[in-house]
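J.: One structure is given below, represented as structure tokens, and several questions about it will come after.
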There are 2 protein chains.
Amino acid sequence: MTSPTVADVGEQGVLAQILPLLPTGEGVTLGPGDDAAVIDWPHGTLVTTCDLMIEGPDFRRNWSTGFDVGWKAMASNLADVAAMGATPRGVVIGLAVPDQVGVSAVADIARGVAEGLAQMAPGCGVWGGDLSESDQVMISVTVIGDLEGRAAITRQGASVGDVVAVGGVLGQSSRGLSILLEAGEDAEAISGLLGFPEVIAHLRPTPPLHLGIDAARGGATAMMDISDGLLLDAARMARASRVAIDLHSAAVVDDHALSGGEDHSLLACFPPGVELPPGFLVIGQVVEPGEAAGLVTVDGVVPAGSGGWDPYRRGNK
Amino acid sequence: MTSPTVADVGEQGVLAQILPLLPTGEGVTLGPGDDAAVIDWPHGTLVTTCDLMIEGPDFRRNWSTGFDVGWKAMASNLADVAAMGATPRGVVIGLAVPDQVGVSAVADIARGVAEGLAQMAPGCGVWGGDLSESDQVMISVTVIGDLEGRAAITRQGASVGDVVAVGGVLGQSSRGLSILLEAGEDAEAISGLLGFPEVIAHLRPTPPLHLGIDAARGGATAMMDISDGLLLDAARMARASRVAIDLHSAAVVDDHALSGGEDHSLLACFPPGVELPPGFLVIGQVVEPGEAAGLVTVDGVVPAGSGGWDPYRRGNK
């Protein structure tokens, strides 16, 4: 007996299975089921962002379970809100799958969404979404977060003399990706790797997102999440702040730490002398830009370049 | 000389072309470019919803230009927020296209988004988004709207005796779809049809969304947008309100009016005796449900059924 597909049960059948799995969140006057959800909004400022995950460029079904896909979609999106110093309040999810995908696989995505929210943003609910049909699995997530009266921490506020710190791992997801790539298409080899901590970090990254609020309260001058690699993202922050950043080689243990993406750790700058919130580790300092605002060096030396991630230029990397 | 593709110019190149085309909207402290946008939120309640449009099930590139796709994505999403009685404030857009799509086609989508917003929700901005690569063009839109102190108009508030009214056309998009389907794959035949009002209504529906706020102010008891056909959507409203709805045959001029989707007109109920806001037309009344809450009749008779739209069951229709 095979498991029913989404085509067998239809949209209402899929919703009947996944809605009970998802958290409602707080302050929700009206949840999924009407034209739109209705949410109490007490604090006067919101932040919002969205991120797509597409089968192929962003994940493979022979590596990632549905649970992993749902979890990772939460990590990458929640990190952007946490990196503003905001508390994620709710997500809105668009999911498209081929019509022969099993309902159980969709429920597995929903479980990954729910568990990812519970671990990385407790209290954040699923406010709505849309289901559709496509050739590739695609998940689109919009997060809405509340600054709760705090000022947003942007990429633009770093000053010369600030310390540069990171909350979370560097390069762990990229190490896991390398391990998976080495296994090629061999299903047995892949399944033997799924317990490795680096592989888990790639499939289900768990950035310490509560540190975003700690950083905002602790005086962070600039913050972002590291999605495309430390080198590239630090350069973006340095450019936005019109400074340069010098990283300590001791903090950049390998190429993965320097250029690996998808850890979604928090990169933050703090004024010199401020006590860092527990969980942040100093990895460099903000320095004079000279003629090159946006420059990132390691112990004063420009590292061998990395192109970083571009969705349309994967072949060029 | 061929137009550059998104792969030629990369993500930043695409953004450089499309961001200047898009409206910022009001109350935006920080727009696209950081981890998330930051928005002033004065009124204390927000509504949000999302909708996917996927090449194939939702549109075809030989019928729809990029402009049409961007416009229609706005219409379908803005309608859900308007149908709550809310003012659309901002949209967050995920766009995935094959890497050989021209940059000009992506700019065309952005122009359709901008023009759709200007026509249907002036003041509503693009707060952010994400670009990715996929085999099919896919656009995911999340809208965030402000109730501005009004109560949300849900599907649940219709009472026996209410009049049922519609703001906007009935069946026009479906008539246009039929015309396009008759033309088959013949490019010349298709291009000869693009000026027909019904075809325009299918490719670029323009529901009168300002009527949503008028309805909320005018005492509407229940409201929704008609995306899947009057019969199916009226049944949803009747079921949510635990009533039945009887439509006047004079208002339902053909099968398109009864079962055609994608007009995104507003279906609203008003207490008897209330003066309807200009733009709404009476098409029926709310009646006792008897044993069948959710029943929809035409002049008291159950019409020959329509399954309505299900993304996973297109083959069964």
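Residues in the structure tokens are named by chain (A, B, ... in the order shown) and by number from 1 within that chain; ligands are numbered from 1 in the order shown.
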For Asp162 in chain B, find every residue with an atom within 8 Å (counting only C-alpha atoms), except residues of its own chain fewer than 3 positions away, and show them as an MDAnalysis selection string.
T.: chainID B and resid 158:159 269:272 285:286
J.: Restricting it to N, CA and C atoms, dump the selection as an mmCIF file, in the first residue's frame.
T.:
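Final output, saved to selection31.cif:
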```cif
data_model
loop_
_atom_site.group_PDB
_atom_site.id
_atom_site.type_symbol
_atom_site.label_atom_id
_atom_site.label_comp_id
_atom_site.auth_asym_id
_atom_site.auth_seq_id
_atom_site.Cartn_x
_atom_site.Cartn_y
_atom_site.Cartn_z
ATOM 1 N N ALA B 158 -21.929 36.556 8.140
ATOM 2 C CA ALA B 158 -23.191 36.732 7.406
ATOM 3 C C ALA B 158 -24.371 36.199 8.222
ATOM 4 N N SER B 159 -25.489 36.947 8.207
ATOM 5 C CA SER B 159 -26.696 36.540 8.951
ATOM 6 C C SER B 159 -27.868 36.390 7.989
ATOM 7 N N CYS B 269 -21.511 40.684 2.285
ATOM 8 C CA CYS B 269 -22.876 40.678 2.803
ATOM 9 C C CYS B 269 -23.102 41.942 3.612
ATOM 10 N N PHE B 270 -24.312 42.478 3.501
ATOM 11 C CA PHE B 270 -24.682 43.693 4.241
ATOM 12 C C PHE B 270 -26.039 43.462 4.919
ATOM 13 N N PRO B 271 -26.249 44.076 6.074
ATOM 14 C CA PRO B 271 -27.553 43.933 6.734
ATOM 15 C C PRO B 271 -28.651 44.487 5.827
ATOM 16 N N PRO B 272 -29.881 43.919 5.919
ATOM 17 C CA PRO B 272 -30.971 44.418 5.071
ATOM 18 C C PRO B 272 -31.241 45.881 5.392
ATOM 19 N N GLN B 285 -29.252 36.778 -1.562
ATOM 20 C CA GLN B 285 -29.483 37.044 -0.143
ATOM 21 C C GLN B 285 -29.089 35.848 0.696
ATOM 22 N N VAL B 286 -28.857 36.149 1.972
ATOM 23 C CA VAL B 286 -28.513 35.096 2.921
ATOM 24 C C VAL B 286 -29.813 34.505 3.452
#
```
J.: Please provide the set of residues having any atom within 7 Å of Ala7 in chain B, restricted to only C-alpha atoms, with same-chain residues fewer than 3 positions apart removed, written as an mmCIF file with C-alpha atoms, in the first residue's frame.
T.:
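The resulting file, result32.cif, is shown below:
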```
data_model
loop_
_atom_site.group_PDB
_atom_site.id
_atom_site.type_symbol
_atom_site.label_atom_id
_atom_site.label_comp_id
_atom_site.auth_asym_id
_atom_site.auth_seq_id
_atom_site.Cartn_x
_atom_site.Cartn_y
_atom_site.Cartn_z
ATOM 1 C CA TYR A 312 22.245 33.008 -11.119
ATOM 2 C CA ARG A 313 25.963 32.304 -11.341
ATOM 3 C CA GLY B 10 23.970 38.141 -11.628
ATOM 4 C CA ASP B 99 18.930 31.500 -15.352
ATOM 5 C CA GLN B 100 18.583 32.057 -19.111
#
```
J.: Near chain A, which residues of chain B fall within 6 Å when you count only C-alpha atoms, and what do they look like as a ChimeraX atom specification?
T.: /B:7,10,35-42,44-51,80,99,128-130,132-133,311-313
J.: Could you write out the selected residues, including N, CA and C atoms, as a PDB file, in the first residue's frame?
T.:
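Heads up, here's the output in out-v1.pdb:
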```
ATOM      1  N   ALA B   7      21.693  35.323 -15.739  1.00  0.00           N
ATOM      2  CA  ALA B   7      22.989  34.689 -15.478  1.00  0.00           C
ATOM      3  C   ALA B   7      24.137  35.611 -15.893  1.00  0.00           C
ATOM      4  N   GLY B  10      23.947  38.560 -13.026  1.00  0.00           N
ATOM      5  CA  GLY B  10      23.970  38.141 -11.628  1.00  0.00           C
ATOM      6  C   GLY B  10      22.921  38.868 -10.790  1.00  0.00           C
ATOM      7  N   ASP B  35      19.221  43.026   6.155  1.00  0.00           N
ATOM      8  CA  ASP B  35      18.660  41.691   6.376  1.00  0.00           C
ATOM      9  C   ASP B  35      17.145  41.699   6.248  1.00  0.00           C
ATOM     10  N   ALA B  36      16.522  42.800   6.661  1.00  0.00           N
ATOM     11  CA  ALA B  36      15.068  42.896   6.641  1.00  0.00           C
ATOM     12  C   ALA B  36      14.694  44.363   6.539  1.00  0.00           C
ATOM     13  N   ALA B  37      13.488  44.627   6.072  1.00  0.00           N
ATOM     14  CA  ALA B  37      12.990  46.004   6.025  1.00  0.00           C
ATOM     15  C   ALA B  37      12.395  46.372   7.377  1.00  0.00           C
ATOM     16  N   VAL B  38      12.398  47.669   7.670  1.00  0.00           N
ATOM     17  CA  VAL B  38      11.864  48.165   8.943  1.00  0.00           C
ATOM     18  C   VAL B  38      10.732  49.144   8.644  1.00  0.00           C
ATOM     19  N   ILE B  39       9.579  48.912   9.265  1.00  0.00           N
ATOM     20  CA  ILE B  39       8.365  49.631   8.896  1.00  0.00           C
ATOM     21  C   ILE B  39       7.689  50.197  10.145  1.00  0.00           C
ATOM     22  N   ASP B  40       7.282  51.455  10.078  1.00  0.00           N
ATOM     23  CA  ASP B  40       6.454  52.025  11.145  1.00  0.00           C
ATOM     24  C   ASP B  40       5.070  51.400  11.094  1.00  0.00           C
ATOM     25  N   TRP B  41       4.556  51.035  12.248  1.00  0.00           N
ATOM     26  CA  TRP B  41       3.243  50.391  12.278  1.00  0.00           C
ATOM     27  C   TRP B  41       2.355  51.066  13.310  1.00  0.00           C
ATOM     28  N   PRO B  42       1.550  52.040  12.883  1.00  0.00           N
ATOM     29  CA  PRO B  42       0.859  52.870  13.870  1.00  0.00           C
ATOM     30  C   PRO B  42      -0.389  52.269  14.503  1.00  0.00           C
ATOM     31  N   GLY B  44      -1.785  49.048  15.344  1.00  0.00           N
ATOM     32  CA  GLY B  44      -2.029  48.015  16.340  1.00  0.00           C
ATOM     33  C   GLY B  44      -2.587  46.702  15.848  1.00  0.00           C
ATOM     34  N   THR B  45      -3.038  46.617  14.607  1.00  0.00           N
ATOM     35  CA  THR B  45      -3.486  45.330  14.065  1.00  0.00           C
ATOM     36  C   THR B  45      -3.028  45.232  12.617  1.00  0.00           C
ATOM     37  N   LEU B  46      -2.508  44.064  12.245  1.00  0.00           N
ATOM     38  CA  LEU B  46      -2.132  43.880  10.846  1.00  0.00           C
ATOM     39  C   LEU B  46      -2.797  42.632  10.314  1.00  0.00           C
ATOM     40  N   VAL B  47      -2.919  42.569   8.994  1.00  0.00           N
ATOM     41  CA  VAL B  47      -3.382  41.347   8.346  1.00  0.00           C
ATOM     42  C   VAL B  47      -2.322  40.940   7.332  1.00  0.00           C
ATOM     43  N   THR B  48      -2.191  39.637   7.149  1.00  0.00           N
ATOM     44  CA  THR B  48      -1.191  39.173   6.198  1.00  0.00           C
ATOM     45  C   THR B  48      -1.641  37.877   5.539  1.00  0.00           C
ATOM     46  N   THR B  49      -1.196  37.685   4.315  1.00  0.00           N
ATOM     47  CA  THR B  49      -1.548  36.501   3.542  1.00  0.00           C
ATOM     48  C   THR B  49      -0.526  36.328   2.440  1.00  0.00           C
ATOM     49  N   CYS B  50      -0.470  35.146   1.860  1.00  0.00           N
ATOM     50  CA  CYS B  50       0.464  34.952   0.743  1.00  0.00           C
ATOM     51  C   CYS B  50      -0.130  34.093  -0.342  1.00  0.00           C
ATOM     52  N   ASP B  51       0.395  34.236  -1.538  1.00  0.00           N
ATOM     53  CA  ASP B  51      -0.122  33.529  -2.698  1.00  0.00           C
ATOM     54  C   ASP B  51       1.031  33.266  -3.662  1.00  0.00           C
ATOM     55  N   ASP B  80      -6.910  39.712  -1.293  1.00  0.00           N
ATOM     56  CA  ASP B  80      -7.127  39.015  -0.017  1.00  0.00           C
ATOM     57  C   ASP B  80      -7.068  39.983   1.162  1.00  0.00           C
ATOM     58  N   ASP B  99      17.811  30.551 -15.285  1.00  0.00           N
ATOM     59  CA  ASP B  99      18.930  31.500 -15.352  1.00  0.00           C
ATOM     60  C   ASP B  99      19.150  32.048 -16.768  1.00  0.00           C
ATOM     61  N   GLY B 128      10.570  44.234   0.234  1.00  0.00           N
ATOM     62  CA  GLY B 128      11.721  43.343   0.169  1.00  0.00           C
ATOM     63  C   GLY B 128      11.397  42.157  -0.689  1.00  0.00           C
ATOM     64  N   GLY B 129      12.332  41.217  -0.723  1.00  0.00           N
ATOM     65  CA  GLY B 129      12.117  40.047  -1.540  1.00  0.00           C
ATOM     66  C   GLY B 129      13.351  39.200  -1.630  1.00  0.00           C
ATOM     67  N   ASP B 130      13.278  38.235  -2.519  1.00  0.00           N
ATOM     68  CA  ASP B 130      14.402  37.332  -2.731  1.00  0.00           C
ATOM     69  C   ASP B 130      14.360  36.896  -4.184  1.00  0.00           C
ATOM     70  N   SER B 132      15.775  33.951  -6.920  1.00  0.00           N
ATOM     71  CA  SER B 132      16.400  32.636  -6.982  1.00  0.00           C
ATOM     72  C   SER B 132      16.248  32.059  -8.380  1.00  0.00           C
ATOM     73  N   GLU B 133      16.788  30.867  -8.558  1.00  0.00           N
ATOM     74  CA  GLU B 133      16.830  30.224  -9.862  1.00  0.00           C
ATOM     75  C   GLU B 133      15.985  28.958  -9.816  1.00  0.00           C
ATOM     76  N   PRO B 311      -5.235  23.094  -6.617  1.00  0.00           N
ATOM     77  CA  PRO B 311      -3.948  23.090  -7.302  1.00  0.00           C
ATOM     78  C   PRO B 311      -3.438  21.685  -7.589  1.00  0.00           C
ATOM     79  N   TYR B 312      -3.851  20.706  -6.783  1.00  0.00           N
ATOM     80  CA  TYR B 312      -3.327  19.348  -6.969  1.00  0.00           C
ATOM     81  C   TYR B 312      -4.256  18.460  -7.779  1.00  0.00           C
ATOM     82  N   ARG B 313      -5.381  18.979  -8.218  1.00  0.00           N
ATOM     83  CA  ARG B 313      -6.366  18.132  -8.900  1.00  0.00           C
ATOM     84  C   ARG B 313      -6.817  18.736 -10.208  1.00  0.00           C
TER      85      ARG B 313
END
```
J.: Please provide the set of residues having any atom within 12 Å of Ser249 in chain B, restricted to only C-alpha atoms, with same-chain residues fewer than 6 positions apart removed, written as a PDB file with all heavy atoms, in the first residue's frame.
T.:
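In the end it all went to result32.pdb:
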```pdb
ATOM      1  N   ASP B 255     -22.277  30.395 -17.110  1.00  0.00           N
ATOM      2  CA  ASP B 255     -21.457  29.509 -16.277  1.00  0.00           C
ATOM      3  C   ASP B 255     -20.183  30.198 -15.812  1.00  0.00           C
ATOM      4  O   ASP B 255     -19.672  29.906 -14.736  1.00  0.00           O
ATOM      5  CB  ASP B 255     -21.079  28.245 -17.058  1.00  0.00           C
ATOM      6  CG  ASP B 255     -22.203  27.220 -17.020  1.00  0.00           C
ATOM      7  OD1 ASP B 255     -23.165  27.418 -16.248  1.00  0.00           O
ATOM      8  OD2 ASP B 255     -22.105  26.227 -17.774  1.00  0.00           O
ATOM      9  N   ALA B 257     -19.848  33.320 -14.973  1.00  0.00           N
ATOM     10  CA  ALA B 257     -20.194  34.150 -13.816  1.00  0.00           C
ATOM     11  C   ALA B 257     -20.369  33.291 -12.570  1.00  0.00           C
ATOM     12  O   ALA B 257     -20.051  33.701 -11.457  1.00  0.00           O
ATOM     13  CB  ALA B 257     -21.468  34.949 -14.094  1.00  0.00           C
ATOM     14  N   LEU B 258     -20.879  32.080 -12.759  1.00  0.00           N
ATOM     15  CA  LEU B 258     -21.161  31.208 -11.618  1.00  0.00           C
ATOM     16  C   LEU B 258     -19.902  30.491 -11.132  1.00  0.00           C
ATOM     17  O   LEU B 258     -19.678  30.359  -9.925  1.00  0.00           O
ATOM     18  CB  LEU B 258     -22.221  30.177 -12.024  1.00  0.00           C
ATOM     19  CG  LEU B 258     -22.850  29.367 -10.889  1.00  0.00           C
ATOM     20  CD1 LEU B 258     -23.586  30.288  -9.923  1.00  0.00           C
ATOM     21  CD2 LEU B 258     -23.794  28.302 -11.451  1.00  0.00           C
ATOM     22  N   VAL B 282     -26.300  44.118  -5.817  1.00  0.00           N
ATOM     23  CA  VAL B 282     -26.934  42.994  -5.113  1.00  0.00           C
ATOM     24  C   VAL B 282     -27.029  41.795  -6.058  1.00  0.00           C
ATOM     25  O   VAL B 282     -27.484  41.921  -7.196  1.00  0.00           O
ATOM     26  CB  VAL B 282     -28.339  43.390  -4.605  1.00  0.00           C
ATOM     27  CG1 VAL B 282     -29.041  42.169  -4.009  1.00  0.00           C
ATOM     28  CG2 VAL B 282     -28.232  44.500  -3.573  1.00  0.00           C
ATOM     29  N   ILE B 283     -26.592  40.634  -5.589  1.00  0.00           N
ATOM     30  CA  ILE B 283     -26.680  39.423  -6.418  1.00  0.00           C
ATOM     31  C   ILE B 283     -27.402  38.291  -5.699  1.00  0.00           C
ATOM     32  O   ILE B 283     -27.552  37.201  -6.267  1.00  0.00           O
ATOM     33  CB  ILE B 283     -25.283  38.921  -6.856  1.00  0.00           C
ATOM     34  CG1 ILE B 283     -24.436  38.544  -5.636  1.00  0.00           C
ATOM     35  CG2 ILE B 283     -24.575  39.955  -7.724  1.00  0.00           C
ATOM     36  CD1 ILE B 283     -23.206  37.714  -6.004  1.00  0.00           C
ATOM     37  N   GLY B 284     -27.867  38.522  -4.467  1.00  0.00           N
ATOM     38  CA  GLY B 284     -28.560  37.435  -3.773  1.00  0.00           C
ATOM     39  C   GLY B 284     -28.844  37.803  -2.340  1.00  0.00           C
ATOM     40  O   GLY B 284     -28.710  38.963  -1.945  1.00  0.00           O
ATOM     41  N   GLN B 285     -29.252  36.778  -1.562  1.00  0.00           N
ATOM     42  CA  GLN B 285     -29.483  37.044  -0.143  1.00  0.00           C
ATOM     43  C   GLN B 285     -29.089  35.848   0.696  1.00  0.00           C
ATOM     44  O   GLN B 285     -28.994  34.716   0.200  1.00  0.00           O
ATOM     45  CB  GLN B 285     -30.943  37.419   0.089  1.00  0.00           C
ATOM     46  CG  GLN B 285     -31.933  36.365  -0.376  1.00  0.00           C
ATOM     47  CD  GLN B 285     -33.356  36.877  -0.314  1.00  0.00           C
ATOM     48  OE1 GLN B 285     -33.689  37.742   0.505  1.00  0.00           O
ATOM     49  NE2 GLN B 285     -34.203  36.352  -1.194  1.00  0.00           N
ATOM     50  N   THR B 297     -27.709  28.286  -3.661  1.00  0.00           N
ATOM     51  CA  THR B 297     -28.720  28.027  -4.686  1.00  0.00           C
ATOM     52  C   THR B 297     -28.836  29.240  -5.607  1.00  0.00           C
ATOM     53  O   THR B 297     -28.363  30.331  -5.276  1.00  0.00           O
ATOM     54  CB  THR B 297     -30.097  27.769  -4.037  1.00  0.00           C
ATOM     55  OG1 THR B 297     -30.358  28.838  -3.113  1.00  0.00           O
ATOM     56  CG2 THR B 297     -30.105  26.445  -3.276  1.00  0.00           C
ATOM     57  N   VAL B 298     -29.452  29.025  -6.781  1.00  0.00           N
ATOM     58  CA  VAL B 298     -29.762  30.123  -7.693  1.00  0.00           C
ATOM     59  C   VAL B 298     -31.280  30.119  -7.879  1.00  0.00           C
ATOM     60  O   VAL B 298     -31.838  29.117  -8.335  1.00  0.00           O
ATOM     61  CB  VAL B 298     -29.045  29.960  -9.049  1.00  0.00           C
ATOM     62  CG1 VAL B 298     -29.435  31.106  -9.992  1.00  0.00           C
ATOM     63  CG2 VAL B 298     -27.533  29.902  -8.867  1.00  0.00           C
ATOM     64  N   ASP B 299     -31.938  31.191  -7.482  1.00  0.00           N
ATOM     65  CA  ASP B 299     -33.403  31.251  -7.452  1.00  0.00           C
ATOM     66  C   ASP B 299     -33.975  30.025  -6.740  1.00  0.00           C
ATOM     67  O   ASP B 299     -34.954  29.423  -7.201  1.00  0.00           O
ATOM     68  CB  ASP B 299     -33.981  31.359  -8.876  1.00  0.00           C
ATOM     69  CG  ASP B 299     -33.675  32.721  -9.511  1.00  0.00           C
ATOM     70  OD1 ASP B 299     -33.245  33.651  -8.787  1.00  0.00           O
ATOM     71  OD2 ASP B 299     -33.862  32.839 -10.738  1.00  0.00           O
ATOM     72  N   GLY B 300     -33.320  29.604  -5.674  1.00  0.00           N
ATOM     73  CA  GLY B 300     -33.830  28.500  -4.863  1.00  0.00           C
ATOM     74  C   GLY B 300     -33.440  27.113  -5.335  1.00  0.00           C
ATOM     75  O   GLY B 300     -33.757  26.122  -4.689  1.00  0.00           O
ATOM     76  N   VAL B 301     -32.739  27.032  -6.469  1.00  0.00           N
ATOM     77  CA  VAL B 301     -32.410  25.724  -7.045  1.00  0.00           C
ATOM     78  C   VAL B 301     -30.895  25.485  -6.976  1.00  0.00           C
ATOM     79  O   VAL B 301     -30.109  26.393  -7.260  1.00  0.00           O
ATOM     80  CB  VAL B 301     -32.874  25.656  -8.526  1.00  0.00           C
ATOM     81  CG1 VAL B 301     -32.490  24.322  -9.164  1.00  0.00           C
ATOM     82  CG2 VAL B 301     -34.373  25.902  -8.608  1.00  0.00           C
ATOM     83  N   VAL B 302     -30.500  24.271  -6.615  1.00  0.00           N
ATOM     84  CA  VAL B 302     -29.074  23.935  -6.585  1.00  0.00           C
ATOM     85  C   VAL B 302     -28.552  23.829  -8.020  1.00  0.00           C
ATOM     86  O   VAL B 302     -29.094  23.059  -8.817  1.00  0.00           O
ATOM     87  CB  VAL B 302     -28.847  22.588  -5.864  1.00  0.00           C
ATOM     88  CG1 VAL B 302     -27.373  22.195  -5.920  1.00  0.00           C
ATOM     89  CG2 VAL B 302     -29.331  22.664  -4.422  1.00  0.00           C
ATOM     90  N   PRO B 303     -27.551  24.645  -8.391  1.00  0.00           N
ATOM     91  CA  PRO B 303     -27.064  24.601  -9.770  1.00  0.00           C
ATOM     92  C   PRO B 303     -26.199  23.361 -10.014  1.00  0.00           C
ATOM     93  O   PRO B 303     -25.678  22.775  -9.070  1.00  0.00           O
ATOM     94  CB  PRO B 303     -26.214  25.869  -9.882  1.00  0.00           C
ATOM     95  CG  PRO B 303     -25.753  26.140  -8.492  1.00  0.00           C
ATOM     96  CD  PRO B 303     -26.811  25.608  -7.557  1.00  0.00           C
TER      97      PRO B 303
END
```
J.: Using DSSP assignments from the backbone, pull out every residue in range 82-196 of chain B that falls under helix (DSSP H, G or I) and give it to me as an NGL selection string.
T.: :B and (82 or 103-120 or 172-183 or 187-191)
J.: List as a ChimeraX atom specification the protein and nucleic acid residues near range 114-126 of chain A, meaning an atom at most 8 Å away when only C-alpha atoms are counted, but skip any in the same chain fewer than 6 places from it.
T.: /A:21-26,70-72,74-75,78,87-93,206-210
J.: With a distance cut-off of 9 Å and only C-alpha atoms, select the neighbouring residues of Val296 in chain A, excluding the residue or stretch itself and same-chain residues fewer than 5 positions from it, and output the selection as a ChimeraX atom specification.
T.: /A:231-232,234-235,238,244-247,301-303
J.: Tell me, as a list in words, which residues lie within 9 Å of Pro197 in chain B, counting only C-alpha atoms; anything in the same chain fewer than 4 positions away does not count.
T.: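 My reading of the contact set: Gln172, Gly176, Ala201 and His202 of chain B.
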J.: When you count only C-alpha atoms, which of these residues is closest to Val252 in chain B: B:Ser227, B:Val169, B:Leu266, B:Ser76?
T.: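 Looking only at the distances to Val252 in chain B, the closest residue turns out to be B:Val169.
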J.: As number ranges by chain, please: every residue in range 21-262 of chain B that a backbone DSSP assignment puts in strand (DSSP E).
T.: B: 28-30, 37-40, 45-54, 87-97, 125-133, 138-146, 163-167, 222-226, 244-247
J.: Would you mind telling me which residue in A:Gly195, A:Pro205, A:Pro278, A:Gly157 lies nearest to Ser174 in chain A when using only C-alpha atoms?
T.: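 Once distances to Ser174 in chain A are computed over only C-alpha atoms, the minimum belongs to A:Pro205.
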